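What follows is a single structure, written as structure tokens, with notes after it.
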Amino acid sequence: MDRRRPSGQERNYLILDKFIERYRGRPGGLVRILFKAQELFGYLSPEVQTYVAEKTGLPASHIYGVATFYSRFITEPPGKYSIGVCTGTACYVKNAQAVLDRFQAALGVKEGETTPDGMFSLRTTRCVGACSLAPVVTVNDDMVGEVTPDKVADVIRRCREAEAEEETERVPERRRPERDERAAPPGP
Ligand code: FES
């Protein structure tokens, strides 16, 4: 008897299988299946799209068409900092679009894209349940409320600072410059 426990990835496919069984062929079923797949795997990679095509019996080109048509689907690997601008009603009426526009300009990517260095990805989300703090932005699992366009730079700066801190921690003690080295003036 195989006592091996399924890996996280295998578990995700098992969950997706059950979801596909339930929604295959139903109106709006494919969109629900793709949302579930995105939730499980983080984004709709070509492998996941192919898997959904095989399991639903739909052409891969159709899956790709749907995955790239809706802006809420992510088809590229998310950045280290996944920024979500909530465009639910409460946030939308409080200028979420201007916040999104500012993120796009500041990061140089469009909604659904990832910066070339893989650091940031930008997407829109539905209501995240914090309407009293609208407009709301999520950064990975954290939530930032009352984000105006002018606060966008701050959100990005905090991510960069967190990254710099992590980078410092990653440098092993032995590889840190000696005191004399640190005190030495920069070379020509
Ligand atoms: S609509 Fe944005 S948090 Fe509810």
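Residue numbering restarts at 1 in every chain; chains get A, B, ... in the order shown in the structure tokens, and ligands count up from 1 in that same order.
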
| task | Grab me every residue within 12 Å of ligand 1, counting only C-alpha atoms and all ligand atoms, and send it over as a VMD selection string. | result | chain A and resid 84 to 97 124 to 138 143 to 147

| message | Applying 9 Å and only C-alpha atoms, which residues near segment 33-44 of chain A remain after dropping the ones on its own chain fewer than 3 positions away? List them as a list in words. | response | Gln9, Asn12, Tyr13, Ile15, Leu16, Phe19, Ile20, Tyr23, Arg24, Gly28, Gly29, Leu30, Glu47, Val48, Gln49, Val52, Ile63, Val66, Ala67, Arg72, Phe73, Ile74, Thr75, Glu76, Pro77 and Pro78 of chain A

How would the residues just chosen look if you wrote them out with N, CA and C atoms as a JSON list (two decimals), in the first residue's frame?
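Result file is out-v3.json:
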[["chain", "number", "residue", "atom", "x", "y", "z"],
["A", 9, "GLN", "N", 1.70, 20.29, -4.35],
["A", 9, "GLN", "CA", 1.31, 20.44, -5.75],
["A", 9, "GLN", "C", 0.27, 19.36, -6.12],
["A", 12, "ASN", "N", -3.03, 20.13, -4.66],
["A", 12, "ASN", "CA", -3.72, 21.18, -5.41],
["A", 12, "ASN", "C", -4.43, 20.60, -6.63],
["A", 13, "TYR", "N", -3.75, 19.66, -7.31],
["A", 13, "TYR", "CA", -4.38, 19.05, -8.49],
["A", 13, "TYR", "C", -5.60, 18.21, -8.09],
["A", 15, "ILE", "N", -7.57, 18.79, -5.54],
["A", 15, "ILE", "CA", -8.65, 19.74, -5.24],
["A", 15, "ILE", "C", -9.24, 20.28, -6.54],
["A", 16, "LEU", "N", -8.34, 20.59, -7.48],
["A", 16, "LEU", "CA", -8.81, 21.13, -8.77],
["A", 16, "LEU", "C", -9.67, 20.09, -9.50],
["A", 19, "PHE", "N", -13.11, 20.17, -8.24],
["A", 19, "PHE", "CA", -13.76, 21.40, -8.68],
["A", 19, "PHE", "C", -14.20, 21.27, -10.14],
["A", 20, "ILE", "N", -13.31, 20.69, -10.96],
["A", 20, "ILE", "CA", -13.63, 20.53, -12.39],
["A", 20, "ILE", "C", -14.83, 19.59, -12.55],
["A", 23, "TYR", "N", -17.99, 21.62, -11.83],
["A", 23, "TYR", "CA", -18.38, 22.76, -12.67],
["A", 23, "TYR", "C", -18.25, 22.54, -14.17],
["A", 24, "ARG", "N", -17.65, 21.41, -14.56],
["A", 24, "ARG", "CA", -17.46, 21.15, -16.00],
["A", 24, "ARG", "C", -18.80, 21.16, -16.73],
["A", 28, "GLY", "N", -20.80, 29.30, -17.13],
["A", 28, "GLY", "CA", -19.83, 30.04, -16.31],
["A", 28, "GLY", "C", -18.84, 29.13, -15.60],
["A", 29, "GLY", "N", -18.96, 27.82, -15.89],
["A", 29, "GLY", "CA", -18.13, 26.84, -15.17],
["A", 29, "GLY", "C", -16.64, 27.03, -15.41],
["A", 30, "LEU", "N", -16.28, 27.30, -16.66],
["A", 30, "LEU", "CA", -14.85, 27.40, -16.97],
["A", 30, "LEU", "C", -14.19, 28.56, -16.22],
["A", 47, "GLU", "N", 1.16, 25.03, -18.06],
["A", 47, "GLU", "CA", 0.90, 23.65, -17.61],
["A", 47, "GLU", "C", -0.50, 23.53, -17.01],
["A", 48, "VAL", "N", -0.86, 24.51, -16.19],
["A", 48, "VAL", "CA", -2.18, 24.46, -15.56],
["A", 48, "VAL", "C", -3.27, 24.62, -16.62],
["A", 49, "GLN", "N", -3.04, 25.50, -17.58],
["A", 49, "GLN", "CA", -4.03, 25.69, -18.66],
["A", 49, "GLN", "C", -4.21, 24.39, -19.45],
["A", 52, "VAL", "N", -6.24, 21.92, -17.39],
["A", 52, "VAL", "CA", -7.68, 22.23, -17.41],
["A", 52, "VAL", "C", -8.29, 21.83, -18.75],
["A", 63, "ILE", "N", -9.08, 27.72, -23.66],
["A", 63, "ILE", "CA", -8.68, 28.01, -22.27],
["A", 63, "ILE", "C", -7.77, 29.24, -22.27],
["A", 66, "VAL", "N", -9.73, 32.45, -22.83],
["A", 66, "VAL", "CA", -10.47, 32.92, -21.64],
["A", 66, "VAL", "C", -9.48, 33.48, -20.61],
["A", 67, "ALA", "N", -8.37, 32.77, -20.42],
["A", 67, "ALA", "CA", -7.39, 33.18, -19.39],
["A", 67, "ALA", "C", -6.78, 34.54, -19.71],
["A", 72, "ARG", "N", -8.60, 39.75, -14.62],
["A", 72, "ARG", "CA", -8.34, 39.22, -13.27],
["A", 72, "ARG", "C", -7.55, 37.91, -13.29],
["A", 73, "PHE", "N", -7.38, 37.35, -14.47],
["A", 73, "PHE", "CA", -6.56, 36.14, -14.54],
["A", 73, "PHE", "C", -5.10, 36.53, -14.73],
["A", 74, "ILE", "N", -4.24, 35.81, -14.03],
["A", 74, "ILE", "CA", -2.80, 36.07, -14.12],
["A", 74, "ILE", "C", -2.17, 34.91, -14.87],
["A", 75, "THR", "N", -1.46, 35.21, -15.95],
["A", 75, "THR", "CA", -0.86, 34.13, -16.73],
["A", 75, "THR", "C", 0.67, 34.15, -16.65],
["A", 76, "GLU", "N", 1.20, 35.08, -15.86],
["A", 76, "GLU", "CA", 2.65, 35.11, -15.66],
["A", 76, "GLU", "C", 2.92, 34.82, -14.19],
["A", 77, "PRO", "N", 4.10, 34.29, -13.86],
["A", 77, "PRO", "CA", 4.39, 34.06, -12.45],
["A", 77, "PRO", "C", 4.32, 35.38, -11.68],
["A", 78, "PRO", "N", 3.67, 35.41, -10.50],
["A", 78, "PRO", "CA", 3.57, 36.66, -9.77],
["A", 78, "PRO", "C", 4.93, 37.11, -9.26]]

| task | Among the residues of chain A, find those DSSP assigns to strand (DSSP E or B) from the backbone and print them as a PyMOL selection string. | result | chain A and resi 81-86+114+120-125+137-139+142-144

For the alpha helix (DSSP H) assignment from backbone DSSP, which residues of chain A qualify? Please present them as a short mmCIF file (atom, residue, chain, number, x, y, z; two decimals) with C-alpha atoms, in the first residue's frame.
data_model
loop_
_atom_site.label_atom_id
_atom_site.label_comp_id
_atom_site.auth_asym_id
_atom_site.auth_seq_id
_atom_site.Cartn_x
_atom_site.Cartn_y
_atom_site.Cartn_z
CA GLY A 8 1.38 20.30 -1.97
CA GLN A 9 1.31 20.44 -5.75
CA GLU A 10 -0.40 17.03 -6.01
CA ARG A 11 -2.94 18.06 -3.40
CA ASN A 12 -3.72 21.18 -5.41
CA TYR A 13 -4.38 19.05 -8.49
CA LEU A 14 -6.66 16.75 -6.48
CA ILE A 15 -8.65 19.74 -5.24
CA LEU A 16 -8.81 21.13 -8.77
CA ASP A 17 -10.03 17.76 -10.08
CA LYS A 18 -12.99 17.83 -7.70
CA PHE A 19 -13.76 21.40 -8.68
CA ILE A 20 -13.63 20.53 -12.39
CA GLU A 21 -15.95 17.57 -11.84
CA ARG A 22 -18.43 19.87 -10.19
CA TYR A 23 -18.38 22.76 -12.67
CA GLY A 29 -18.13 26.84 -15.17
CA LEU A 30 -14.85 27.40 -16.97
CA VAL A 31 -14.33 30.83 -15.43
CA ARG A 32 -14.96 29.39 -11.97
CA ILE A 33 -12.56 26.54 -12.65
CA LEU A 34 -9.86 28.94 -13.80
CA PHE A 35 -10.35 31.14 -10.74
CA LYS A 36 -9.98 28.08 -8.54
CA ALA A 37 -6.85 27.03 -10.41
CA GLN A 38 -5.40 30.51 -9.98
CA GLU A 39 -6.18 30.48 -6.29
CA LEU A 40 -4.47 27.10 -5.89
CA PHE A 41 -1.40 27.68 -8.06
CA PRO A 46 0.75 27.01 -19.47
CA GLU A 47 0.90 23.65 -17.61
CA VAL A 48 -2.18 24.46 -15.56
CA GLN A 49 -4.03 25.69 -18.66
CA THR A 50 -3.17 22.45 -20.47
CA TYR A 51 -4.33 20.42 -17.48
CA VAL A 52 -7.68 22.23 -17.41
CA ALA A 53 -8.05 21.70 -21.16
CA GLU A 54 -7.47 17.96 -20.80
CA LYS A 55 -9.80 17.57 -17.85
CA THR A 56 -12.61 19.66 -19.30
CA ALA A 60 -6.29 24.51 -25.13
CA SER A 61 -6.72 27.57 -27.37
CA HIS A 62 -10.11 28.22 -25.79
CA ILE A 63 -8.68 28.01 -22.27
CA TYR A 64 -5.89 30.37 -23.28
CA GLY A 65 -8.41 32.76 -24.84
CA VAL A 66 -10.47 32.92 -21.64
CA ALA A 67 -7.39 33.18 -19.39
CA THR A 68 -6.04 36.14 -21.33
CA PHE A 69 -9.40 37.84 -21.90
CA THR A 89 -17.63 49.15 -5.52
CA ALA A 90 -16.58 50.92 -2.30
CA CYS A 91 -12.99 51.26 -3.48
CA TYR A 92 -13.97 52.14 -7.02
CA VAL A 93 -16.07 55.12 -5.93
CA ALA A 96 -9.28 53.10 -6.95
CA GLN A 97 -8.75 53.62 -10.70
CA ALA A 98 -6.45 56.59 -10.02
CA VAL A 99 -4.53 54.44 -7.54
CA LEU A 100 -4.19 51.69 -10.13
CA ASP A 101 -3.05 54.21 -12.76
CA ARG A 102 -0.39 55.52 -10.41
CA PHE A 103 0.91 52.00 -9.67
CA GLN A 104 1.05 51.30 -13.40
CA ALA A 105 3.05 54.46 -14.02
CA ALA A 106 5.36 53.95 -11.03
CA LEU A 107 6.13 50.30 -11.77
CA VAL A 152 1.51 54.71 -3.93
CA ALA A 153 5.21 55.61 -3.85
CA ASP A 154 5.21 54.91 -0.12
CA VAL A 155 3.77 51.41 -0.60
CA ILE A 156 6.43 50.62 -3.19
CA ARG A 157 9.19 52.12 -1.03
CA ARG A 158 8.20 49.92 1.92
CA CYS A 159 8.45 46.81 -0.27
CA ARG A 160 11.88 47.87 -1.47
CA GLU A 161 13.01 48.49 2.12
CA ALA A 162 11.76 45.07 3.18
CA GLU A 163 13.66 43.57 0.26
CA ALA A 164 16.87 45.45 1.19
CA GLU A 165 16.55 44.23 4.78
CA GLU A 166 16.12 40.66 3.63
CA GLU A 167 19.10 41.03 1.36
CA THR A 168 21.24 42.22 4.29
CA GLU A 169 20.14 39.23 6.37
CA ARG A 170 21.00 36.91 3.52
CA ARG A 179 35.51 46.99 10.06
CA ASP A 180 38.63 48.39 8.32
CA GLU A 181 37.15 47.66 4.93
CA ARG A 182 33.92 49.42 5.85
CA ALA A 183 35.82 52.47 7.09
#

| said: Can you pull out the residues contacting Ser82 of chain A? Cut-off 7 Å, using only C-alpha atoms, and skip same-chain residues under 3 positions away; I want them as a ChimeraX atom specification. | reply: /A:78-79,120-122,139-140

Residues from last step as file, N, CA and C atoms, as a PDB file, in the first residue's frame:
ATOM      1  N   PRO A  78       3.667  35.407 -10.503  1.00  0.00           N
ATOM      2  CA  PRO A  78       3.569  36.657  -9.768  1.00  0.00           C
ATOM      3  C   PRO A  78       4.932  37.113  -9.257  1.00  0.00           C
ATOM      4  N   GLY A  79       5.076  38.413  -9.074  1.00  0.00           N
ATOM      5  CA  GLY A  79       6.315  38.950  -8.528  1.00  0.00           C
ATOM      6  C   GLY A  79       6.437  38.613  -7.053  1.00  0.00           C
ATOM      7  N   PHE A 120       7.766  42.934  -8.599  1.00  0.00           N
ATOM      8  CA  PHE A 120       6.384  43.359  -8.364  1.00  0.00           C
ATOM      9  C   PHE A 120       5.451  42.821  -9.451  1.00  0.00           C
ATOM     10  N   SER A 121       4.276  42.389  -9.021  1.00  0.00           N
ATOM     11  CA  SER A 121       3.229  42.156 -10.011  1.00  0.00           C
ATOM     12  C   SER A 121       2.031  42.990  -9.591  1.00  0.00           C
ATOM     13  N   LEU A 122       1.258  43.365 -10.572  1.00  0.00           N
ATOM     14  CA  LEU A 122       0.142  44.279 -10.315  1.00  0.00           C
ATOM     15  C   LEU A 122      -1.141  43.660 -10.845  1.00  0.00           C
ATOM     16  N   VAL A 139      -0.791  43.844  -0.394  1.00  0.00           N
ATOM     17  CA  VAL A 139       0.582  43.509  -0.780  1.00  0.00           C
ATOM     18  C   VAL A 139       0.834  42.122  -0.205  1.00  0.00           C
ATOM     19  N   ASN A 140       0.846  41.129  -1.068  1.00  0.00           N
ATOM     20  CA  ASN A 140       0.832  39.726  -0.642  1.00  0.00           C
ATOM     21  C   ASN A 140      -0.323  39.546   0.344  1.00  0.00           C
TER      22      ASN A 140
END

| note | Separating atom CA of Asp141 of chain A from atom CA of Ile83 of chain A, to the nearest tenth of an Å, is a gap of 9.6 Å

| note | Computed gap from atom CA of Ser45 of chain A to atom CA of Pro27 of chain A is 23.6 Å

| message | One number please: atom CA of Thr114 of chain A to atom CA of Lys151 of chain A, in Å, one decimal. | response | 20.4 Å
